[in-house]
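Asker: For reference, the file query_10.cif (mmCIF, C-alpha atoms and all ligand atoms) is included below:
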```cif
data_input
loop_
_atom_site.label_atom_id
_atom_site.label_comp_id
_atom_site.auth_asym_id
_atom_site.auth_seq_id
_atom_site.Cartn_x
_atom_site.Cartn_y
_atom_site.Cartn_z
CA MET A 12 -27.46 -21.05 24.36
CA THR A 13 -25.72 -17.69 24.64
CA ALA A 14 -26.02 -15.34 21.67
CA LYS A 15 -23.07 -15.17 19.29
CA PRO A 16 -20.95 -11.99 19.37
CA LYS A 17 -21.72 -9.59 16.55
CA ILE A 18 -19.27 -8.36 13.99
CA TRP A 19 -19.48 -5.88 11.13
CA VAL A 20 -17.65 -6.44 7.83
CA ALA A 21 -17.32 -3.09 6.08
CA ARG A 22 -17.01 -4.47 2.55
CA PRO A 23 -18.03 -7.59 0.65
CA LEU A 24 -15.47 -10.38 1.20
CA PHE A 25 -14.75 -13.88 -0.06
CA PRO A 26 -17.56 -16.34 0.80
CA GLU A 27 -15.16 -18.78 2.47
CA VAL A 28 -13.95 -16.06 4.83
CA LEU A 29 -17.47 -14.93 5.66
CA ALA A 30 -18.47 -18.57 6.25
CA ARG A 31 -15.61 -18.99 8.71
CA LEU A 32 -16.61 -15.84 10.57
CA ALA A 33 -20.20 -17.08 10.67
CA ASP A 34 -19.05 -20.20 12.57
CA TYR A 35 -18.40 -17.93 15.54
CA PHE A 36 -20.28 -14.71 15.02
CA GLU A 37 -23.45 -13.06 13.89
CA VAL A 38 -22.02 -11.34 10.84
CA GLN A 39 -23.34 -8.19 9.23
CA VAL A 40 -21.68 -7.65 5.83
CA GLU A 41 -21.93 -4.48 3.77
CA PRO A 42 -23.32 -5.50 0.39
CA GLU A 43 -21.18 -3.06 -1.61
CA ASP A 44 -17.81 -1.33 -1.56
CA ARG A 45 -18.24 2.30 -0.66
CA PRO A 46 -16.69 4.69 1.83
CA HIS A 47 -18.35 5.19 5.22
CA ASP A 48 -18.31 8.60 6.84
CA ALA A 49 -17.70 9.13 10.55
CA ALA A 50 -21.39 9.19 11.47
CA GLU A 51 -22.07 5.93 9.68
CA LEU A 52 -18.98 4.23 11.10
CA ARG A 53 -19.98 5.36 14.57
CA GLN A 54 -23.43 3.89 14.11
CA LYS A 55 -22.19 0.62 12.56
CA LEU A 56 -19.57 0.06 15.26
CA ALA A 57 -21.94 0.92 18.11
CA GLY A 58 -23.72 -2.41 18.04
CA VAL A 59 -20.86 -4.85 17.46
CA ASP A 60 -18.02 -6.61 19.30
CA GLY A 61 -15.62 -6.51 16.36
CA ALA A 62 -15.19 -5.20 12.82
CA LEU A 63 -13.21 -5.78 9.65
CA VAL A 64 -12.68 -2.40 8.00
CA GLY A 65 -11.20 -1.13 4.75
CA LEU A 66 -8.42 1.42 4.32
CA ALA A 67 -10.93 4.15 3.45
CA ASP A 68 -12.71 3.70 6.80
CA ARG A 69 -11.25 6.21 9.23
CA VAL A 70 -11.67 4.90 12.78
CA ASP A 71 -10.77 7.72 15.16
CA ALA A 72 -11.60 8.94 18.66
CA ALA A 73 -14.91 10.50 17.62
CA VAL A 74 -16.04 7.30 15.90
CA ILE A 75 -15.48 5.10 18.98
CA GLU A 76 -16.29 7.62 21.71
CA GLY A 77 -18.70 6.09 24.25
CA ASN A 78 -18.55 2.67 22.52
CA HIS A 79 -18.08 0.20 25.38
CA ARG A 80 -18.84 -2.90 23.34
CA LEU A 81 -16.26 -2.83 20.55
CA LYS A 82 -13.19 -4.97 21.28
CA VAL A 83 -11.36 -5.37 17.97
CA VAL A 84 -10.94 -3.53 14.66
CA ALA A 85 -9.16 -5.55 11.97
CA ASN A 86 -7.78 -3.51 9.09
CA LEU A 87 -7.90 -5.13 5.65
CA GLY A 88 -4.42 -3.94 4.72
CA VAL A 89 -0.93 -3.54 6.11
CA GLY A 90 -0.92 0.28 6.25
CA TYR A 91 -3.03 1.61 9.08
CA ASN A 92 -2.96 5.38 8.77
CA ASN A 93 -6.79 5.19 8.73
CA LEU A 94 -6.76 3.99 12.36
CA ASP A 95 -6.15 6.29 15.31
CA LEU A 96 -4.09 3.79 17.26
CA GLU A 97 -3.78 5.98 20.33
CA ALA A 98 -7.53 6.48 20.58
CA LEU A 99 -8.17 2.75 20.07
CA THR A 100 -5.60 1.82 22.70
CA ARG A 101 -7.05 4.33 25.18
CA ALA A 102 -10.48 2.81 24.59
CA GLY A 103 -9.10 -0.74 25.10
CA VAL A 104 -9.90 -1.71 21.50
CA LEU A 105 -7.41 -4.03 19.79
CA ALA A 106 -6.32 -2.98 16.28
CA THR A 107 -4.79 -5.43 13.80
CA ASN A 108 -3.45 -5.28 10.22
CA THR A 109 -2.34 -7.73 7.53
CA PRO A 110 1.47 -7.70 7.28
CA ASP A 111 3.68 -10.39 5.70
CA VAL A 112 0.99 -12.12 3.63
CA LEU A 113 1.15 -9.33 1.04
CA THR A 114 4.88 -8.58 1.06
CA GLU A 115 5.90 -10.60 -1.99
CA SER A 116 2.89 -9.62 -4.12
CA VAL A 117 3.41 -5.93 -3.43
CA ALA A 118 7.12 -6.27 -4.24
CA ASP A 119 6.20 -8.01 -7.53
CA TYR A 120 3.91 -5.11 -8.33
CA ALA A 121 6.62 -2.52 -7.65
CA TRP A 122 8.61 -4.20 -10.42
CA ALA A 123 5.55 -4.35 -12.68
CA LEU A 124 5.23 -0.56 -12.30
CA MET A 125 8.94 0.07 -12.80
CA LEU A 126 8.99 -2.00 -15.98
CA ALA A 127 5.73 -0.55 -17.29
CA ALA A 128 6.83 3.04 -16.77
CA ALA A 129 10.37 2.47 -18.05
CA ARG A 130 9.27 0.67 -21.21
CA ARG A 131 6.12 2.78 -21.68
CA VAL A 132 3.83 -0.26 -21.70
CA SER A 133 0.56 1.54 -20.87
CA ALA A 134 1.09 4.41 -23.29
CA ALA A 135 2.10 2.04 -26.10
CA GLU A 136 -1.00 -0.07 -25.52
CA ARG A 137 -3.25 3.01 -25.59
CA TRP A 138 -1.63 3.97 -28.90
CA LEU A 139 -2.08 0.48 -30.37
CA ARG A 140 -5.72 0.21 -29.24
CA ALA A 141 -6.40 3.59 -30.81
CA GLY A 142 -5.34 2.09 -34.17
CA HIS A 143 -2.15 4.16 -34.56
CA TRP A 144 0.24 1.27 -35.30
CA PRO A 145 1.37 1.63 -38.90
CA GLY A 146 2.97 -1.84 -39.04
CA SER A 147 6.27 -2.13 -40.84
CA ASN A 148 6.42 1.64 -41.31
CA MET A 149 6.76 2.22 -37.59
CA ARG A 150 9.82 4.33 -36.97
CA PHE A 151 12.82 2.45 -35.63
CA ASP A 152 13.23 5.09 -32.92
CA ASP A 153 9.56 5.02 -31.85
CA TRP A 154 8.59 4.01 -28.33
CA MET A 155 12.11 4.00 -26.96
CA GLY A 156 12.13 3.68 -23.20
CA LEU A 157 14.58 3.31 -20.37
CA ASP A 158 16.56 0.21 -19.45
CA LEU A 159 16.43 -1.13 -15.93
CA HIS A 160 19.41 -3.46 -16.02
CA GLY A 161 22.57 -1.94 -14.65
CA ARG A 162 20.78 1.17 -13.32
CA THR A 163 20.71 2.11 -9.64
CA LEU A 164 17.63 1.21 -7.65
CA GLY A 165 16.83 3.48 -4.70
CA ILE A 166 14.39 2.43 -2.00
CA LEU A 167 12.95 4.90 0.47
CA GLY A 168 11.54 2.94 3.44
CA MET A 169 13.24 -0.40 3.94
CA GLY A 170 10.74 -2.51 5.86
CA ARG A 171 9.58 -5.95 4.78
CA ILE A 172 8.27 -4.77 1.40
CA GLY A 173 11.29 -2.58 0.66
CA GLN A 174 13.54 -5.55 1.35
CA ALA A 175 11.49 -7.80 -0.94
CA VAL A 176 11.78 -5.19 -3.71
CA ALA A 177 15.54 -5.06 -3.15
CA ARG A 178 15.97 -8.86 -3.31
CA ARG A 179 14.47 -8.87 -6.80
CA ALA A 180 17.10 -6.39 -8.04
CA LEU A 181 19.72 -9.15 -8.32
CA GLY A 182 18.03 -10.53 -11.44
CA PHE A 183 18.12 -7.12 -13.08
CA GLY A 184 21.75 -6.49 -12.19
CA MET A 185 20.79 -3.32 -10.35
CA PRO A 186 22.84 -2.00 -7.43
CA VAL A 187 20.57 -1.02 -4.51
CA LEU A 188 20.73 2.03 -2.25
CA TYR A 189 18.27 2.57 0.55
CA HIS A 190 17.30 5.13 3.13
CA ASN A 191 15.42 4.23 6.28
CA ARG A 192 14.87 5.54 9.82
CA SER A 193 17.24 2.87 11.09
CA ARG A 194 19.97 0.78 9.55
CA LEU A 195 19.11 -2.82 8.72
CA PRO A 196 21.09 -5.63 10.38
CA GLU A 197 24.21 -6.37 8.37
CA ALA A 198 23.00 -9.84 7.41
CA VAL A 199 19.82 -8.36 5.90
CA GLU A 200 21.81 -5.67 4.07
CA ARG A 201 24.00 -8.40 2.62
CA GLU A 202 21.03 -10.53 1.59
CA CYS A 203 19.38 -7.51 -0.07
CA ARG A 204 22.74 -6.28 -1.44
CA ALA A 205 21.60 -2.86 -0.23
CA ILE A 206 23.68 0.08 0.97
CA LEU A 207 22.36 2.68 3.41
CA VAL A 208 22.71 6.30 2.28
CA GLY A 209 21.29 9.64 3.42
CA LYS A 210 18.09 10.85 1.77
CA PRO A 211 19.85 13.55 -0.33
CA GLU A 212 22.28 10.96 -1.69
CA LEU A 213 19.44 8.54 -2.43
CA LEU A 214 17.57 11.25 -4.36
CA ALA A 215 20.67 12.28 -6.28
CA ARG A 216 21.87 8.78 -7.23
CA ALA A 217 18.75 6.68 -7.82
CA ASP A 218 17.77 5.97 -11.42
CA PHE A 219 14.64 4.26 -10.13
CA LEU A 220 13.27 5.43 -6.79
CA VAL A 221 10.64 3.25 -5.10
CA LEU A 222 8.69 4.62 -2.13
CA VAL A 223 7.67 2.03 0.46
CA LEU A 224 7.45 4.06 3.64
CA PRO A 225 4.44 4.26 5.96
CA PHE A 226 2.24 7.36 5.86
CA THR A 227 2.77 9.44 8.98
CA ALA A 228 2.53 13.18 9.65
CA GLU A 229 6.32 13.51 9.07
CA ASN A 230 6.15 11.62 5.78
CA ARG A 231 3.51 13.87 4.23
CA HIS A 232 5.06 15.20 1.01
CA ALA A 233 8.34 13.40 1.74
CA ILE A 234 8.69 13.77 -2.04
CA GLY A 235 7.69 17.29 -3.04
CA ALA A 236 9.12 19.91 -5.37
CA PRO A 237 12.42 20.32 -3.44
CA GLU A 238 13.06 16.56 -3.41
CA LEU A 239 12.07 16.12 -7.07
CA ALA A 240 14.54 18.87 -7.95
CA GLN A 241 17.32 16.79 -6.39
CA MET A 242 16.57 13.77 -8.59
CA LYS A 243 18.15 13.04 -11.98
CA ARG A 244 16.14 14.29 -14.94
CA SER A 245 16.41 10.75 -16.33
CA ALA A 246 15.01 9.16 -13.14
CA LEU A 247 11.77 7.29 -12.61
CA LEU A 248 9.67 7.46 -9.41
CA VAL A 249 7.37 4.68 -8.14
CA ASN A 250 4.87 5.18 -5.31
CA ILE A 251 3.37 1.97 -3.91
CA ALA A 252 3.18 3.33 -0.36
CA ARG A 253 0.41 5.85 0.27
CA GLY A 254 -1.06 8.87 -1.38
CA GLY A 255 0.13 12.02 0.35
CA ILE A 256 3.74 10.83 0.62
CA VAL A 257 4.21 12.42 -2.81
CA ASP A 258 3.02 15.93 -3.61
CA ASP A 259 1.08 14.84 -6.71
CA ALA A 260 0.77 18.39 -8.12
CA ALA A 261 4.53 18.92 -7.83
CA LEU A 262 5.17 15.51 -9.42
CA ALA A 263 2.89 16.31 -12.35
CA ALA A 264 4.73 19.60 -12.88
CA ALA A 265 8.14 17.86 -12.80
CA LEU A 266 6.96 15.22 -15.31
CA ARG A 267 5.43 17.84 -17.59
CA GLU A 268 8.51 20.06 -17.51
CA GLY A 269 10.94 17.19 -18.18
CA LYS A 270 12.53 17.44 -14.73
CA LEU A 271 11.80 13.75 -14.18
CA ALA A 272 11.59 11.12 -16.94
CA ALA A 273 8.63 9.06 -15.74
CA ALA A 274 6.62 7.86 -12.78
CA ALA A 275 4.30 5.05 -11.79
CA LEU A 276 1.73 5.49 -9.05
CA ASP A 277 -0.56 3.00 -7.36
CA VAL A 278 -1.66 5.45 -4.64
CA PHE A 279 -2.80 9.05 -4.73
CA GLU A 280 -3.61 12.03 -2.56
CA GLY A 281 -7.40 12.07 -2.16
CA GLU A 282 -8.11 8.63 -3.68
CA PRO A 283 -10.12 7.73 -5.67
CA VAL A 284 -9.73 11.17 -7.22
CA VAL A 285 -6.51 11.46 -9.22
CA HIS A 286 -4.91 14.86 -9.80
CA PRO A 287 -6.09 16.01 -13.25
CA ASP A 288 -2.56 17.08 -14.20
CA LEU A 289 -1.40 13.46 -13.78
CA LEU A 290 -4.30 12.17 -15.87
CA ALA A 291 -3.21 14.45 -18.69
CA LEU A 292 0.34 13.02 -18.88
CA ASP A 293 1.58 10.04 -20.86
CA ASN A 294 4.84 9.51 -18.95
CA VAL A 295 3.10 8.31 -15.82
CA VAL A 296 1.56 4.87 -15.26
CA LEU A 297 -1.51 5.04 -13.01
CA SER A 298 -3.21 2.15 -11.21
CA PRO A 299 -6.07 2.07 -8.69
CA HIS A 300 -4.31 0.99 -5.46
CA ILE A 301 -3.98 -2.68 -6.44
CA ALA A 302 -0.41 -3.58 -5.45
CA SER A 303 -1.58 -6.39 -3.15
CA ALA A 304 -4.35 -7.55 -5.47
CA SER A 305 -3.31 -11.02 -6.55
CA GLY A 306 -6.04 -13.60 -5.96
CA GLU A 307 -3.97 -15.55 -3.45
CA THR A 308 -2.83 -12.53 -1.53
CA ARG A 309 -6.20 -10.81 -1.25
CA ARG A 310 -7.62 -14.09 0.08
CA ALA A 311 -4.77 -14.43 2.55
CA MET A 312 -5.30 -10.84 3.73
CA ALA A 313 -9.00 -11.43 4.33
CA GLN A 314 -8.26 -14.70 6.18
CA LEU A 315 -5.67 -12.98 8.35
CA ALA A 316 -8.08 -10.19 9.25
CA ALA A 317 -10.67 -12.86 10.13
CA ASP A 318 -8.07 -14.81 12.19
CA ASN A 319 -7.38 -11.65 14.15
CA VAL A 320 -11.04 -11.02 14.95
CA ILE A 321 -11.70 -14.66 15.85
CA ALA A 322 -8.71 -14.83 18.20
CA ALA A 323 -9.26 -11.38 19.68
CA LEU A 324 -12.81 -12.29 20.63
CA GLY A 325 -11.58 -15.47 22.31
CA TYR A 326 -12.34 -18.15 19.72
CA GLY A 327 -10.42 -20.63 17.58
CA GLU A 328 -7.05 -22.26 18.09
CA SER A 329 -5.30 -18.98 18.87
CA ALA A 330 -7.95 -17.66 21.24
CA GLY A 331 -6.63 -14.58 23.03
CA LYS A 332 -3.53 -14.45 20.79
CA PRO A 333 -4.41 -12.61 17.58
CA PRO A 334 -1.57 -13.12 15.07
CA THR A 335 -0.86 -9.52 14.04
CA PRO A 336 -1.86 -6.99 16.72
CA LEU A 337 -0.91 -3.32 16.28
CA ASN A 338 -1.46 -2.31 19.89
CA PRO A 339 -0.62 -5.46 21.90
CA ALA A 340 -0.69 -3.34 25.08
CA VAL A 341 -4.46 -3.80 24.94
CA LEU A 342 -4.00 -7.60 25.17
CA ALA A 343 -1.45 -7.32 27.99
CA HIS A 344 -3.89 -5.15 29.91
CA LYS A 345 -6.63 -7.76 29.56
CA ALA A 346 -4.40 -10.75 30.43
C1 LIG B 1 -2.50 -1.36 1.00
O1 LIG B 1 -2.29 -0.25 0.67
C2 LIG B 1 -2.21 -1.85 2.33
O2 LIG B 1 -1.85 -1.05 3.18
O3 LIG B 1 -2.36 -3.05 2.55
#
```
Would you mind writing the file out in structure tokens?
Answerer:
Amino acid sequence: MTAKPKIWVARPLFPEVLARLADYFEVQVEPEDRPHDAAELRQKLAGVDGALVGLADRVDAAVIEGNHRLKVVANLGVGYNNLDLEALTRAGVLATNTPDVLTESVADYAWALMLAAARRVSAAERWLRAGHWPGSNMRFDDWMGLDLHGRTLGILGMGRIGQAVARRALGFGMPVLYHNRSRLPEAVERECRAILVGKPELLARADFLVLVLPFTAENRHAIGAPELAQMKRSALLVNIARGGIVDDAALAAALREGKLAAAALDVFEGEPVVHPDLLALDNVVLSPHIASASGETRRAMAQLAADNVIAALGYGESAGKPPTPLNPAVLAHKA
């Protein structure tokens, strides 16, 4: 009997997913969630045919240099700024991600953040838990927040998730403006009831601005001090995309100085460290990169990453046809 291929799973995963992988592979699973530096990644990937990696695992040219065994790296997430796609393609290594399965959950979470920041849910709960609620003597004008209904929703980055955020705006009676590299097909614009505008117009008109764009070199600090200065003082900013798209220091300054009403952030520059100026503010809702973390969706993401590895290594019903490749040129080359 030939030996099973080996794979490395960079973080603990659901038992049912690991069991499925074990049907085909010799599986080495990291027992705890922690970041891996380049030297460790290099060493872990050296002895395996495939890997499932987390978003904090940076797989670049140096990590895979001289590795002639590795065939597939499956990212446990839709964003893949942690993967050097060019280097992987050059090395003939397939990269995959987990699109679609998380779209609706992430869009739900964008609304959770918008509502929480607008109605000051987190700050009010902190106040209640601290025993500050005086009961019937609470001032009638205490804890007043912002309404969503009837306000303008702006979406920067109108891919699958941006569109899912937009579709939910109908229930809140919010007109939708968007800015994107390219215009959406008319039918999609109609379905999302979304109107394309330039970035300056989006910044100037949005009452709620949701960021859903991928992190690339051009998008670094796409929202910095100059952009924040173009927004309404009454506006609210939501980042569910990636840390680094917002200049967190500039955002904290704008929130502190009343140049922006509120913000809600699920992602940060330098995660898991959060800028201390943000931690000191009450008009920002902070969460630890959990937009896709519903039970169903996290399971579906892990299964999809496993499907990709199984198919890429030539097993299962879709052998040779991984469902969500990022660099399909690698497959074409092998065919
Ligand atoms: C989460 O941030 C993802 O990219 O899936």
Asker: Env of Ala302 in chain A: 9 Å cut, atoms = all atoms listed in the file, seq-sep filter 3 positions within chain, self excluded. Answer as a list in words.
Answerer: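 Final neighbour list, sorted by chain and number: Leu113, Ser116, Val117, Ala118, Asp119, Tyr120, Ala121, Ile251, Asp277, Ser298, Pro299 and Ser305 of chain A.
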Asker: Go ahead and save the residues from that selection, with C-alpha atoms, as a PDB file, in the frame of the given file.
Answerer:
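The file below, selection.pdb, is the result:
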```pdb
ATOM      1  CA  LEU A 113       1.150  -9.330   1.040  1.00  0.00           C
ATOM      2  CA  SER A 116       2.890  -9.620  -4.120  1.00  0.00           C
ATOM      3  CA  VAL A 117       3.410  -5.930  -3.430  1.00  0.00           C
ATOM      4  CA  ALA A 118       7.120  -6.270  -4.240  1.00  0.00           C
ATOM      5  CA  ASP A 119       6.200  -8.010  -7.530  1.00  0.00           C
ATOM      6  CA  TYR A 120       3.910  -5.110  -8.330  1.00  0.00           C
ATOM      7  CA  ALA A 121       6.620  -2.520  -7.650  1.00  0.00           C
ATOM      8  CA  ILE A 251       3.370   1.970  -3.910  1.00  0.00           C
ATOM      9  CA  ASP A 277      -0.560   3.000  -7.360  1.00  0.00           C
ATOM     10  CA  SER A 298      -3.210   2.150 -11.210  1.00  0.00           C
ATOM     11  CA  PRO A 299      -6.070   2.070  -8.690  1.00  0.00           C
ATOM     12  CA  SER A 305      -3.310 -11.020  -6.550  1.00  0.00           C
TER      13      SER A 305
END
```
Asker: Residues within 9 Å of ligand LIG 1 (chain B) (all atoms listed in the file), as a list in words?
Answerer: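 Those within range of ligand LIG 1 (chain B) are Leu66, Asn86, Leu87, Gly88, Val89, Gly90, Tyr91, Asn92, Asn108, Thr109, Pro110, Leu113, Val117, Pro225, Ile251, Ala252, Arg253, Asp277, Val278, His300, Ile301, Ala302, Ser303 and Met312 of chain A.
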Asker: Hey, what's within 8 Å of Pro336 in chain A if we count only C-alpha atoms and toss same-chain stuff fewer than 6 positions away? As a VMD selection string, please?
Answerer: chain A and resid 105 to 108 319
Asker: Applying 8 Å and all atoms listed in the file, which residues near Glu41 in chain A remain after dropping the ones on its own chain fewer than 5 positions away? List them as an MDAnalysis selection string.
Answerer: chainID A and resid 19:23
Asker: Looking at only C-alpha atoms, which of A:Leu63, A:Ala49, A:Val296, A:Ile75 is the one that sits closest to Arg130 in chain A?
Answerer: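 For Arg130 in chain A, the nearest of the candidates is A:Val296.
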Asker: Between A:Thr114, A:Arg53, A:Lys345, A:Leu337, which is the closest to Arg171 in chain A once you count all atoms listed in the file?
Answerer: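 Looking only at the distances to Arg171 in chain A, the closest residue turns out to be A:Thr114.
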Asker: Can you tell me, as a list in words, what residues are no more than 8 Å from range 181-185 of chain A when counting only C-alpha atoms, ignoring any on the same chain fewer than 5 positions away?
Answerer: Leu159, His160, Gly161, Arg162, Thr163 and Leu164 of chain A
Asker: From (0.5, 15.1, -5.6), in the file's coordinates, out to 12 Å: which residues are reached, counting only C-alpha atoms? Answer as number ranges by chain.
Answerer: A: 231-236, 239, 250, 253-266, 274, 276, 278-282, 284-290
Asker: Write out as a list in words which residues come within 8 Å of range 267-270 of chain A when counting all atoms listed in the file, dropping same-chain ones fewer than 4 positions away.
Answerer: Leu239, Ala240, Lys243, Arg244, Ser245, Ala263 and Leu292 of chain A
Asker: What separation in Å, quoted to one decimal, exists between CA of Pro211 in chain A and CA of Arg192 in chain A?
Answerer: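 For CA of Pro211 in chain A relative to CA of Arg192 in chain A, the distance reads 13.9 Å.
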Asker: May I ask which of the residues A:Leu213, A:Leu220, A:Asp293, A:Glu202 is the closest one to Trp138 in chain A, counting all atoms listed in the file?
Answerer: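 Nearest to Trp138 in chain A: A:Asp293.
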Asker: Around (-17.9, 0.1, 14.4) in the file's frame, which residues reach within 10 Å when counting all atoms listed in the file? Return as a ChimeraX atom specification?
Answerer: /A:18-21,49,51-64,68,70,74-75,78,80-84
Asker: Find, counting all atoms listed in the file, the residue in A:Met242, A:Gly325, A:Ala215, A:Arg201 that gets nearest to Pro16 in chain A.
Answerer: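 Distance minimum relative to Pro16 in chain A lands on A:Gly325.
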Asker: Between A:Ile321, A:Met149, A:Ala98, A:Leu247, which residue has the minimum interatomic distance to Ala33 in chain A, considering only C-alpha atoms?
Answerer: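 The closest residue to Ala33 in chain A is A:Ile321.
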Asker: Measure the distance from CA of Ala322 in chain A to CA of His79 in chain A in Å and round it to one decimal.
Answerer: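 Between CA of Ala322 in chain A and CA of His79 in chain A the gap works out to 19.1 Å.
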Asker: When distances are computed from all atoms listed in the file, which of A:Glu115, A:Glu328, A:Asp71, A:Asp318 shows the smallest separation from Arg179 in chain A?
Answerer: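 Ranked by minimum distance to Arg179 in chain A, first place goes to A:Glu115.
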Asker: Between CA of Arg101 in chain A and CA of Val341 in chain A, what is the distance in Å, rounded to a tenth?
Answerer: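 Atom-to-atom, CA of Arg101 in chain A and CA of Val341 in chain A are spaced 8.5 Å apart.
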